[in-house]
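Novice: Below is the file input_0.txt, with compact mmCIF, C-alpha atoms (C1' of nucleotides).
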# COMPACT_ATOMS: atom_id res chain seq x y z
CA MET A 17 -9.51 -65.81 -7.50
CA ASN A 18 -8.25 -66.24 -3.98
CA ILE A 19 -4.52 -66.15 -4.27
CA THR A 20 -1.91 -66.68 -1.63
CA VAL A 21 1.40 -64.99 -2.28
CA GLY A 22 4.44 -66.43 -0.61
CA MET A 23 6.17 -63.29 0.55
CA SER A 24 9.82 -63.21 1.51
CA GLY A 25 10.15 -59.57 2.37
CA GLY A 26 11.84 -58.87 -0.93
CA VAL A 27 10.67 -56.74 -3.85
CA ASP A 28 9.83 -59.54 -6.24
CA SER A 29 7.13 -61.18 -4.14
CA ALA A 30 5.91 -57.76 -3.03
CA VAL A 31 5.37 -56.61 -6.58
CA ALA A 32 3.85 -59.99 -7.44
CA ALA A 33 1.26 -59.42 -4.72
CA TYR A 34 0.63 -55.90 -5.89
CA LEU A 35 0.09 -56.94 -9.50
CA LEU A 36 -2.37 -59.66 -8.55
CA LYS A 37 -4.30 -57.32 -6.30
CA LYS A 38 -4.43 -54.78 -9.10
CA GLN A 39 -5.83 -57.44 -11.41
CA GLY A 40 -8.72 -57.82 -9.04
CA HIS A 41 -7.77 -60.96 -7.16
CA ALA A 42 -8.28 -61.49 -3.47
CA VAL A 43 -4.68 -61.60 -2.33
CA THR A 44 -3.24 -62.72 0.97
CA GLY A 45 0.42 -62.39 1.82
CA VAL A 46 1.99 -65.21 3.77
CA PHE A 47 5.46 -65.17 5.21
CA MET A 48 7.17 -68.48 5.80
CA LEU A 49 9.54 -68.92 8.69
CA ASN A 50 11.52 -72.05 7.92
CA TRP A 51 14.80 -71.55 9.72
CA GLU A 52 15.06 -70.33 13.26
CA GLU A 53 18.79 -70.05 13.68
CA GLU A 54 20.39 -66.67 14.22
CA ASP A 55 23.13 -65.56 11.88
CA ALA A 56 26.77 -65.04 12.83
CA ASN A 57 25.95 -61.69 14.39
CA GLY A 58 23.23 -63.14 16.54
CA VAL A 59 20.62 -61.47 14.39
CA CYS A 60 17.45 -63.19 13.30
CA THR A 61 17.09 -61.83 9.77
CA ALA A 62 13.69 -63.48 9.44
CA ALA A 63 12.28 -60.96 11.90
CA ASP A 64 13.46 -58.09 9.72
CA ASP A 65 12.08 -59.78 6.63
CA TYR A 66 8.69 -60.27 8.23
CA GLU A 67 8.68 -56.65 9.23
CA ASP A 68 9.19 -55.80 5.56
CA VAL A 69 6.29 -58.07 4.65
CA ARG A 70 4.07 -56.27 7.14
CA ARG A 71 4.96 -52.86 5.80
CA VAL A 72 4.59 -53.95 2.19
CA CYS A 73 1.20 -55.53 2.79
CA ASP A 74 0.03 -52.41 4.57
CA VAL A 75 0.94 -50.34 1.54
CA ILE A 76 -0.69 -52.75 -0.89
CA ASP A 77 -3.55 -53.13 1.54
CA ILE A 78 -3.84 -56.88 1.74
CA PRO A 79 -4.08 -59.18 4.74
CA TYR A 80 -1.02 -61.08 5.81
CA TYR A 81 0.19 -63.58 8.33
CA THR A 82 3.07 -65.91 8.98
CA VAL A 83 3.44 -69.67 8.99
CA ASN A 84 6.19 -71.86 10.31
CA PHE A 85 7.40 -74.82 8.29
CA SER A 86 10.76 -75.15 9.97
CA THR A 87 10.04 -78.71 11.00
CA GLU A 88 9.17 -79.74 7.47
CA TYR A 89 12.15 -77.80 6.15
CA ARG A 90 14.51 -79.56 8.49
CA GLU A 91 13.08 -83.00 7.76
CA ARG A 92 12.62 -82.77 4.02
CA VAL A 93 15.29 -80.34 2.87
CA PHE A 94 17.99 -79.78 5.41
CA SER A 95 18.45 -83.42 6.32
CA VAL A 96 19.02 -84.19 2.65
CA PHE A 97 21.42 -81.28 2.47
CA GLN A 98 23.39 -82.77 5.34
CA HIS A 99 23.37 -86.29 3.97
CA GLU A 100 24.46 -85.13 0.56
CA TYR A 101 27.39 -83.16 1.90
CA ALA A 102 28.35 -86.02 4.16
CA ALA A 103 28.35 -88.25 1.08
CA GLY A 104 30.82 -85.94 -0.62
CA ARG A 105 28.36 -84.32 -2.98
CA THR A 106 27.35 -80.68 -3.38
CA PRO A 107 23.57 -80.40 -3.05
CA ASN A 108 21.30 -77.59 -4.12
CA PRO A 109 18.84 -77.25 -1.23
CA ASP A 110 16.85 -74.53 -2.96
CA VAL A 111 15.63 -76.82 -5.72
CA LEU A 112 14.43 -79.24 -3.09
CA CYS A 113 12.92 -76.43 -1.06
CA ASN A 114 10.66 -75.52 -3.96
CA SER A 115 9.40 -79.04 -4.57
CA GLU A 116 9.12 -80.05 -0.92
CA ILE A 117 8.26 -76.91 0.99
CA LYS A 118 7.02 -73.98 -1.07
CA PHE A 119 5.11 -75.99 -3.64
CA ASN A 120 4.28 -78.94 -1.47
CA ALA A 121 3.81 -78.46 2.26
CA PHE A 122 3.06 -74.78 1.86
CA LEU A 123 0.97 -75.24 -1.27
CA ASP A 124 -1.17 -77.85 0.44
CA PHE A 125 -1.62 -75.57 3.39
CA THR A 126 -2.71 -72.64 1.27
CA LEU A 127 -5.17 -74.76 -0.68
CA GLN A 128 -6.73 -75.78 2.63
CA THR A 129 -7.25 -72.10 3.36
CA GLN A 130 -9.51 -71.89 0.30
CA ALA A 131 -6.83 -70.32 -1.87
CA ASP A 132 -7.09 -71.17 -5.57
CA ALA A 133 -3.45 -70.64 -6.34
CA LEU A 134 -0.06 -69.95 -4.85
CA ALA A 135 1.98 -67.12 -6.31
CA THR A 136 5.65 -66.35 -5.70
CA GLY A 137 8.15 -63.80 -6.95
CA HIS A 138 10.12 -66.28 -9.04
CA TYR A 139 11.45 -65.17 -12.41
CA ALA A 140 9.93 -67.93 -14.49
CA ARG A 141 6.87 -68.19 -16.72
CA LEU A 142 4.06 -70.67 -17.09
CA THR A 143 2.09 -71.39 -20.21
CA LYS A 144 -0.50 -73.93 -21.28
CA ARG A 145 0.21 -76.26 -24.16
CA ASP A 146 -1.84 -79.29 -25.10
CA GLY A 147 -3.47 -79.31 -21.70
CA LEU A 148 -0.14 -79.25 -19.91
CA THR A 149 1.45 -76.47 -17.93
CA MET A 150 4.85 -75.66 -19.32
CA LEU A 151 7.58 -73.96 -17.36
CA LEU A 152 9.47 -71.31 -19.28
CA ARG A 153 12.57 -69.33 -18.49
CA GLY A 154 12.08 -65.92 -16.94
CA THR A 155 12.08 -63.13 -19.48
CA ASP A 156 14.88 -61.38 -17.62
CA ARG A 157 17.77 -63.56 -18.69
CA ASN A 158 19.88 -62.33 -15.82
CA LYS A 159 17.32 -63.32 -13.20
CA ASP A 160 15.83 -66.47 -14.69
CA GLN A 161 15.00 -68.85 -11.84
CA SER A 162 13.43 -71.70 -13.76
CA TYR A 163 16.46 -73.74 -12.75
CA PHE A 164 15.22 -73.79 -9.17
CA LEU A 165 11.76 -74.90 -10.25
CA CYS A 166 12.91 -77.74 -12.46
CA THR A 167 11.47 -80.54 -10.35
CA LEU A 168 7.93 -79.22 -10.00
CA ASN A 169 5.23 -81.44 -11.43
CA GLN A 170 1.93 -80.69 -13.18
CA ARG A 171 -0.07 -80.78 -9.96
CA GLN A 172 2.21 -78.15 -8.46
CA LEU A 173 2.53 -75.96 -11.54
CA ASN A 174 -1.20 -75.98 -12.13
CA ARG A 175 -1.64 -74.11 -8.88
CA ALA A 176 1.38 -71.83 -9.29
CA MET A 177 1.61 -68.26 -10.50
CA PHE A 178 4.72 -66.23 -11.20
CA PRO A 179 3.50 -62.66 -11.77
CA VAL A 180 6.93 -61.11 -12.32
CA GLY A 181 8.23 -63.88 -14.55
CA ASP A 182 7.72 -61.89 -17.71
CA MET A 183 9.24 -58.73 -16.33
CA GLN A 184 12.69 -57.26 -16.11
CA LYS A 185 14.07 -56.86 -12.61
CA ARG A 186 14.59 -53.15 -13.10
CA ASP A 187 10.94 -52.75 -14.01
CA VAL A 188 9.91 -54.65 -10.92
CA ARG A 189 11.93 -52.27 -8.81
CA LYS A 190 10.47 -49.32 -10.66
CA ILE A 191 6.94 -50.43 -9.88
CA ALA A 192 7.91 -50.97 -6.28
CA ALA A 193 9.32 -47.48 -6.10
CA ASP A 194 6.36 -45.93 -7.91
CA ILE A 195 3.82 -47.35 -5.49
CA GLY A 196 5.98 -46.57 -2.51
CA LEU A 197 6.95 -50.01 -1.33
CA PRO A 198 9.45 -49.69 1.52
CA ASN A 199 11.63 -52.48 0.15
CA ALA A 200 11.87 -51.09 -3.39
CA ALA A 201 15.63 -50.76 -3.13
CA LYS A 202 16.25 -53.74 -0.87
CA LYS A 203 19.21 -55.79 -1.92
CA ASP A 204 18.44 -59.08 -3.63
CA SER A 205 18.60 -61.91 -1.16
CA THR A 206 21.30 -64.51 -1.53
CA GLY A 207 22.44 -67.60 0.24
CA ILE A 208 20.35 -70.68 0.89
CA CYS A 209 16.67 -69.81 0.75
CA PHE A 210 15.29 -69.21 4.26
CA ILE A 211 18.71 -69.61 5.78
CA GLY A 212 20.50 -66.75 4.11
CA GLU A 213 24.09 -65.69 3.70
CA ARG A 214 26.43 -67.63 5.94
CA LYS A 215 30.10 -68.12 6.44
CA PHE A 216 29.81 -71.41 4.66
CA PHE A 217 32.89 -73.06 6.05
CA ASP A 218 31.62 -72.60 9.58
CA PHE A 219 28.08 -73.49 8.60
CA ILE A 220 29.17 -76.82 7.14
CA SER A 221 31.39 -77.48 10.10
CA ARG A 222 28.42 -77.05 12.40
CA HIS A 223 25.98 -79.19 10.47
CA VAL A 224 28.02 -81.85 8.73
CA PRO A 225 30.61 -84.16 10.25
CA THR A 226 33.97 -83.50 8.62
CA LYS A 227 37.33 -85.20 8.80
CA SER A 228 40.61 -83.84 7.48
CA GLY A 229 42.66 -85.88 5.07
CA ASP A 230 45.22 -85.80 2.30
CA MET A 231 45.20 -83.54 -0.72
CA VAL A 232 46.67 -85.37 -3.67
CA ASP A 233 47.88 -84.05 -7.02
CA VAL A 234 45.74 -85.78 -9.62
CA ASP A 235 48.72 -85.88 -12.01
CA THR A 236 51.56 -87.04 -9.81
CA GLN A 237 49.55 -88.79 -7.08
CA LYS A 238 51.74 -87.01 -4.58
CA VAL A 239 50.34 -85.76 -1.29
CA LEU A 240 50.59 -81.97 -1.39
CA GLY A 241 48.91 -81.10 1.87
CA ARG A 242 45.86 -81.64 4.04
CA HIS A 243 42.25 -80.81 3.35
CA GLN A 244 39.88 -79.85 6.12
CA GLY A 245 37.07 -82.26 5.34
CA LEU A 246 35.74 -83.19 1.90
CA SER A 247 32.43 -81.49 2.59
CA HIS A 248 34.16 -78.14 2.47
CA TYR A 249 35.06 -78.54 -1.17
CA THR A 250 33.24 -78.61 -4.47
CA VAL A 251 34.53 -79.85 -7.78
CA GLY A 252 36.08 -76.94 -9.66
CA GLN A 253 36.62 -74.96 -6.49
CA ARG A 254 39.68 -72.76 -6.05
CA LYS A 255 39.29 -71.14 -2.66
CA GLY A 256 40.45 -72.94 0.41
CA ILE A 257 43.04 -75.26 -1.07
CA GLY A 258 45.86 -73.17 0.35
CA LEU A 259 48.51 -74.35 -2.07
CA GLY A 260 50.97 -71.82 -3.44
CA GLY A 261 54.45 -71.46 -4.80
CA MET A 262 54.52 -74.77 -6.58
CA GLY A 263 54.81 -75.94 -10.15
CA SER A 264 53.73 -73.48 -12.79
CA GLY A 265 52.60 -70.95 -10.22
CA ALA A 266 49.00 -71.21 -11.42
CA ALA A 267 46.12 -71.63 -9.00
CA TRP A 268 44.95 -75.04 -7.81
CA PHE A 269 41.45 -76.44 -8.16
CA VAL A 270 39.47 -79.34 -6.79
CA ALA A 271 39.47 -82.03 -9.45
CA ASP A 272 37.70 -84.84 -7.63
CA LYS A 273 36.84 -86.38 -4.30
CA ASP A 274 37.49 -89.93 -3.15
CA VAL A 275 35.03 -90.23 -0.31
CA PRO A 276 35.84 -93.80 0.79
CA HIS A 277 39.51 -92.90 1.16
CA ASN A 278 38.84 -89.33 2.24
CA ILE A 279 41.15 -87.93 -0.42
CA LEU A 280 40.79 -84.59 -2.14
CA TYR A 281 42.26 -84.63 -5.62
CA VAL A 282 43.57 -81.30 -6.84
CA CYS A 283 45.04 -80.06 -10.10
CA GLN A 284 46.89 -76.97 -11.17
CA GLY A 285 45.40 -74.55 -13.66
CA ARG A 286 41.80 -73.52 -14.21
CA ASP A 287 41.53 -75.47 -17.44
CA HIS A 288 43.31 -78.63 -16.40
CA PRO A 289 41.89 -81.57 -18.40
CA ALA A 290 40.96 -83.37 -15.18
CA LEU A 291 38.25 -80.74 -14.69
CA TYR A 292 36.43 -81.51 -17.92
CA ARG A 293 33.74 -84.08 -18.67
CA GLU A 294 32.12 -85.31 -21.86
CA GLY A 295 28.79 -85.72 -20.17
CA LEU A 296 26.99 -86.83 -17.06
CA GLU A 297 24.39 -89.15 -15.61
CA THR A 298 21.58 -88.19 -13.29
CA GLU A 299 19.91 -90.33 -10.69
CA GLY A 300 16.29 -90.03 -11.61
CA PHE A 301 14.85 -87.17 -13.55
CA SER A 302 11.77 -85.06 -12.97
CA TRP A 303 10.00 -84.15 -16.18
CA ILE A 304 7.85 -81.06 -16.08
CA MET A 305 5.40 -82.65 -18.50
CA GLY A 306 5.36 -85.87 -16.53
CA GLU A 307 7.36 -87.80 -19.08
CA SER A 308 10.29 -87.36 -21.41
CA PRO A 309 9.60 -85.90 -24.87
CA ALA A 310 11.45 -88.79 -26.50
CA GLN A 311 13.80 -91.63 -25.72
CA SER A 312 16.70 -89.57 -26.99
CA PHE A 313 16.85 -86.02 -28.24
CA ALA A 314 18.98 -82.91 -28.51
CA CYS A 315 18.52 -79.91 -26.26
CA THR A 316 20.56 -77.70 -23.93
CA ALA A 317 21.53 -78.19 -20.33
CA LYS A 318 22.55 -76.18 -17.32
CA PHE A 319 24.31 -78.17 -14.65
CA ARG A 320 24.54 -75.30 -12.22
CA TYR A 321 22.53 -72.14 -11.73
CA ARG A 322 23.42 -69.07 -13.80
CA GLN A 323 25.50 -71.01 -16.23
CA GLN A 324 25.27 -70.70 -19.98
CA ASP A 325 23.29 -73.45 -21.61
CA ALA A 326 25.42 -76.22 -23.02
CA PRO A 327 24.12 -77.93 -26.19
CA CYS A 328 23.83 -81.67 -25.65
CA LYS A 329 22.24 -84.98 -26.54
CA VAL A 330 20.06 -86.72 -24.00
CA VAL A 331 19.35 -90.40 -23.66
CA VAL A 332 16.67 -91.49 -21.25
CA GLN A 333 17.77 -94.39 -19.11
CA ALA A 334 16.02 -96.74 -16.76
CA ARG A 335 16.84 -94.40 -13.94
CA GLY A 336 17.63 -90.84 -14.86
CA VAL A 337 19.16 -89.57 -18.05
CA ARG A 338 22.52 -89.65 -19.70
CA VAL A 339 23.69 -86.33 -21.12
CA LEU A 340 26.44 -86.01 -23.69
CA PHE A 341 27.67 -82.47 -24.22
CA ASP A 342 28.56 -81.23 -27.69
CA THR A 343 31.72 -79.82 -26.15
CA LYS A 344 33.39 -80.88 -22.92
CA GLN A 345 32.19 -79.05 -19.86
CA ARG A 346 34.13 -77.88 -16.85
CA ALA A 347 33.40 -78.96 -13.29
CA VAL A 348 30.41 -81.24 -13.60
CA THR A 349 29.46 -81.57 -9.95
CA PRO A 350 27.70 -84.55 -8.36
CA GLY A 351 24.78 -83.38 -6.25
CA GLN A 352 24.00 -80.35 -8.37
CA TYR A 353 21.00 -80.45 -10.70
CA CYS A 354 21.26 -80.90 -14.42
CA VAL A 355 18.33 -78.97 -15.91
CA LEU A 356 17.33 -79.46 -19.53
CA TYR A 357 15.86 -76.81 -21.80
CA ASP A 358 14.26 -76.85 -25.20
CA GLY A 359 14.59 -73.23 -26.14
CA GLU A 360 12.49 -71.32 -23.65
CA VAL A 361 10.94 -74.45 -22.22
CA CYS A 362 12.34 -76.04 -19.10
CA LEU A 363 11.96 -79.78 -19.56
CA GLY A 364 12.89 -80.77 -16.04
CA GLY A 365 15.88 -81.66 -13.93
CA GLY A 366 17.70 -84.37 -12.09
CA VAL A 367 20.51 -84.67 -9.58
CA ILE A 368 23.89 -85.35 -11.12
CA LEU A 369 25.14 -88.75 -10.11
CA ARG A 370 28.48 -88.50 -11.84
CA GLY A 371 30.33 -86.82 -14.65
CA CYS A 372 31.70 -89.06 -17.35
C1' U B 7 84.48 -74.93 11.40
C1' G B 8 88.41 -76.97 4.10
C1' G B 9 85.86 -75.29 -0.28
C1' G B 10 81.39 -73.63 -2.81
C1' G B 11 76.34 -71.87 -2.70
C1' U B 12 71.90 -69.61 -0.77
C1' G B 13 69.26 -66.41 2.55
C1' U B 14 63.48 -60.81 -0.47
C1' A B 15 55.86 -61.50 2.43
C1' G B 16 52.75 -67.92 4.32
C1' C B 17 54.95 -70.22 -0.53
C1' C B 18 57.50 -69.49 -5.42
C1' A B 19 60.16 -65.44 -7.28
C1' A B 20 62.10 -60.57 -10.08
C1' G B 21 65.41 -57.00 -8.69
C1' U B 22 73.44 -56.49 -8.71
C1' G B 23 73.88 -48.63 -6.23
C1' G B 24 68.80 -44.75 -6.80
C1' U B 25 64.68 -45.46 -3.22
C1' A B 26 60.91 -53.49 -3.04
C1' A B 27 57.90 -56.65 -10.15
C1' G B 28 54.80 -60.71 -10.70
C1' G B 29 52.30 -65.39 -9.45
C1' C B 30 50.08 -68.60 -5.74
C1' A B 31 47.97 -68.40 -0.89
C1' C B 32 45.26 -65.25 2.28
C1' G B 33 41.68 -61.03 3.56
C1' G B 34 37.78 -57.71 1.89
C1' G B 35 34.20 -56.35 -1.83
C1' A B 36 31.21 -57.13 -6.42
C1' C B 37 28.31 -60.84 -8.81
C1' U B 38 24.54 -64.52 -6.99
C1' U B 39 17.82 -67.18 -3.79
C1' U B 40 22.68 -73.60 -3.55
C1' G B 41 27.72 -74.56 -3.21
C1' A B 42 31.30 -73.02 -6.65
C1' C B 43 33.58 -70.20 -10.83
C1' U B 44 34.61 -65.16 -12.27
C1' C B 45 35.79 -60.02 -11.46
C1' C B 46 37.71 -55.87 -8.37
C1' C B 47 40.59 -54.12 -4.27
C1' G B 48 44.08 -55.05 -0.43
C1' C B 49 48.42 -57.60 1.15
C1' A B 50 57.07 -56.45 2.81
C1' U B 51 58.62 -48.35 5.19
C1' U B 52 61.35 -53.48 4.02
C1' C B 53 64.99 -57.39 1.68
C1' G B 54 68.74 -63.50 7.64
C1' U B 55 71.38 -60.29 11.28
C1' A B 56 75.08 -56.51 13.12
C1' G B 57 78.16 -52.89 11.47
C1' G B 58 80.76 -50.15 7.40
C1' U B 59 81.35 -47.41 2.48
C1' U B 60 78.05 -43.82 -0.18
C1' C B 61 74.29 -37.97 -1.27
C1' A B 62 71.76 -42.76 -1.87
C1' A B 63 72.41 -50.02 -0.46
C1' A B 64 68.00 -55.62 -1.09
C1' U B 65 71.96 -54.45 -4.33
C1' C B 66 79.32 -52.90 -2.52
C1' C B 67 82.58 -54.34 2.01
C1' U B 68 83.21 -56.91 6.94
C1' G B 69 81.60 -59.93 11.19
C1' C B 70 77.96 -63.20 12.90
C1' C B 71 73.71 -66.65 12.25
C1' A B 72 70.85 -70.29 9.36
C1' C B 73 70.24 -73.74 5.57
C1' C B 74 72.20 -76.56 1.27
C1' C B 75 76.12 -79.00 -1.61
C1' C B 76 81.08 -80.96 -2.33
C1' A B 77 85.14 -82.65 0.10
C1' G B 78 86.46 -84.80 4.80
Hey, can you dump this file as structure tokens for me?
Specialist:
Amino acid sequence: MNITVGMSGGVDSAVAAYLLKKQGHAVTGVFMLNWEEEDANGVCTAADDYEDVRRVCDVIDIPYYTVNFSTEYRERVFSVFQHEYAAGRTPNPDVLCNSEIKFNAFLDFTLQTQADALATGHYARLTKRDGLTMLLRGTDRNKDQSYFLCTLNQRQLNRAMFPVGDMQKRDVRKIAADIGLPNAAKKDSTGICFIGERKFFDFISRHVPTKSGDMVDVDTQKVLGRHQGLSHYTVGQRKGIGLGGMGSGAAWFVADKDVPHNILYVCQGRDHPALYREGLETEGFSWIMGESPAQSFACTAKFRYRQQDAPCKVVVQARGVRVLFDTKQRAVTPGQYCVLYDGEVCLGGGVILRGC
RNA sequence: UGGGGUGUAGCCAAGUGGUAAGGCACGGGACUUUGACUCCCGCAUUCGUAGGUUCAAAUCCUGCCACCCCAG
């Protein structure tokens, strides 16, 4: 097969490319440049990453080149990111990036280049069942990235390959080291995909209009201070509230946001009841199989990445799903994705409209 | 300008003669392909201020300053 590997400069995609080449496929490494802003130090990290791609591909001995989807990224991912924050929600741009850029704009592009499939270094697995492509959690429980792939559809998954999805991260690094890949010990990348680690407060300030307002105690309704713009806060957040020396002495957390009135509601104590929700509703829901398994059913849910699965009941609604947790969950956050799982199988995901 | 009280880090607050607890906030790091959470580390040579007593004072004494309360 002719396989294009989306290469980031990291070990996972590098080893993915190596494994496919070793299996006899015709592999081409492609580096995507989707964000052209320098970081706080004036450094363009993408240049360093591409340099790693070059060196890796030389070692593996495969052709490589770079493509630029920064326009598509800005229009289809970043604009949504901005609108969501402006609306008081906390978006997950990386989920959107997978469905709109990597496995959409980029996938289409690679197919036009005669590639048969697009491989990435994601920790997730694919398997066929009844003619459908199922998305499974990555074998490495600590690295599982199926959450980020929750909105991919059959068309996209049918052309996708995740060569390291059934491996442990440490084994991936070992292979990288064994074959002499220069990035074998490179630190895992973090931050928004393609944008990278940022001082988030400043980043939001630059890209989203913010307006300061009152911080109100959810219990007493008293104004305790000023917030610096609702977009800077996420439900359940502790950092940045700046309150101290009051009440019980415990830390304060963001309980809720009133966007129309520009009020940040805060509460004291990590386990304050105001932080808990019985369930949630999503706006729309993307089913991996194309449709829901039933009108209502039991399964587990993650409503943020790297969170333990919460057992729940799901009811499919006209738009989206309604999820009722077996036990109350802390900090259900509008804008984040609620991803459903049936054991190893990722059923799909939808954006959280509200906790309830 | 009679009486009483209080002044310890950005905030709250232990400590009443033996060489500055703790919490919150904040900063840094770890974790992490979102944002958060979490964890770890750091954070008052100094206790309103000026003197005095003492081997030794945030702790005792005196003056001054500030704030609060009661009475005027």
Novice: Distance atom CA of Gly26 of chain A-atom CA of Gly137 of chain A, one decimal place?
Specialist: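 Between these atoms lies a distance of 8.6 Å.
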Novice: Report the closest atom pair, with its distance in Å rounded to one decimal, for each residue of chain B that has an atom no farther than 6 Å from chain A; count all atoms listed in the file, sort by chain and then rising residue number, and write it as a Markdown table.
Specialist:
| residue | atom | partner | partner_atom | distance |
| --- | --- | --- | --- | --- |
| B:C17 | C1' | A:Gly261 | CA | 4.5 |
| B:C18 | C1' | A:Gly261 | CA | 3.7 |
| B:G29 | C1' | A:Gly265 | CA | 5.6 |
| B:C30 | C1' | A:Gly260 | CA | 4.1 |
| B:A31 | C1' | A:Gly260 | CA | 5.2 |
| B:U39 | C1' | A:Thr206 | CA | 4.9 |
| B:U40 | C1' | A:Asn108 | CA | 4.3 |
| B:A42 | C1' | A:Gln253 | CA | 5.7 |
Novice: Quick one, how far is atom CA of Lys344 of chain A from atom CA of Glu297 of chain A?
Specialist: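 Going from atom CA of Lys344 of chain A over to atom CA of Glu297 of chain A, I get 14.2 Å.
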Novice: Quick one, how far is atom CA of Asp65 of chain A from atom CA of Ser24 of chain A?
Specialist: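 Answer for the atom CA of Asp65 of chain A to atom CA of Ser24 of chain A separation: 6.6 Å.
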Novice: Can you list, as a tab-separated table (two decimals) with C-alpha atoms (C1' of nucleotides), in the frame of the given file, every protein, DNA or RNA residue that comes within 12 Å of segment 21-25 of chain B when you count all atoms listed in the file, leaving out same-chain residues fewer than 5 positions away?
Specialist:
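Resulting contents of out_5.tsv:
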chain	number	residue	atom	x	y	z
B	14	U	C1'	63.48	-60.81	-0.47
B	51	U	C1'	58.62	-48.35	5.19
B	52	U	C1'	61.35	-53.48	4.02
B	53	C	C1'	64.99	-57.39	1.68
B	59	U	C1'	81.35	-47.41	2.48
B	60	U	C1'	78.05	-43.82	-0.18
B	61	C	C1'	74.29	-37.97	-1.27
B	62	A	C1'	71.76	-42.76	-1.87
B	63	A	C1'	72.41	-50.02	-0.46
B	64	A	C1'	68.00	-55.62	-1.09
B	65	U	C1'	71.96	-54.45	-4.33
B	66	C	C1'	79.32	-52.90	-2.52
Novice: Looking at all atoms listed in the file, which of A:Gly45, A:Gly40, A:Pro309, A:Gly229 is the one that sits closest to Val361 of chain A?
Specialist: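 Counting all atoms listed in the file, the residue closest to Val361 of chain A is A:Pro309.
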Novice: Just checking: using all atoms listed in the file, which residue out of B:U12, B:G35, B:A26, B:G41 ends up closest to Phe217 of chain A?
Specialist: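 That would be B:G41, the residue with the smallest distance to Phe217 of chain A.
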Novice: Which residue, A:Gly181, A:Gly245, A:Gly147, A:Gly359, has the smallest gap to Thr316 of chain A when you use only C-alpha atoms?
Specialist: A:Gly359
Novice: Counting only C-alpha atoms, which residue out of A:Val239, A:Leu356, A:Ala30, A:Val270 sits closest to Asp77 of chain A?
Specialist: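 Smallest distance to Asp77 of chain A is found for A:Ala30.
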Novice: Rank nothing, just name the residue among A:Val180, A:Ala103, A:Leu280, A:Leu173 nearest to Asp160 of chain A, using all atoms listed in the file.
Specialist: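 Checking each of A:Val180, A:Ala103, A:Leu280, A:Leu173 against Asp160 of chain A, counting all atoms listed in the file, the winner is A:Val180.
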Novice: Excluding same-chain residues fewer than 2 positions from Cys328 of chain A, what lies within 12 Å of it counting all atoms listed in the file, as a list of chain:residue names?
Specialist: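 The filter keeps A:Glu294, A:Gly295, A:Leu296, A:Ser312, A:Phe313, A:Ala314, A:Cys315, A:Thr316, A:Ala317, A:Lys318, A:Phe319, A:Asp325, A:Ala326, A:Val330, A:Val331, A:Val337, A:Arg338, A:Val339, A:Leu340, A:Phe341, A:Asp342, A:Thr343, A:Lys344, A:Gln345, A:Cys354, A:Val355, A:Leu356, A:Tyr357, A:Asp358.
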Novice: Mind working out the centre and edge lengths of an axis-aligned box for segment 159-178 of chain A, all listed atoms inside, 8 Å added to each side, rounded to one decimal in Å and written as AutoDock Vina command-line options?
Specialist:
--center_x 7.8 --center_y -72.4 --center_z -11.6 --size_x 35.0 --size_y 34.1 --size_z 22.2
Novice: My list of candidates is B:G28, B:C49, B:C37, B:U44. Which is closest to A15 of chain B when distances are computed with all atoms listed in the file?
Specialist: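 Closest candidate: B:C49.
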Novice: Which residues come within 10 Å of segment 69-74 of chain A, counting only C-alpha atoms (C1' of nucleotides), excluding same-chain residues fewer than 2 positions away, as a ChimeraX atom specification?
Specialist: /A:23-27,29-31,33-34,43-47,63-67,76-82,192,196-200
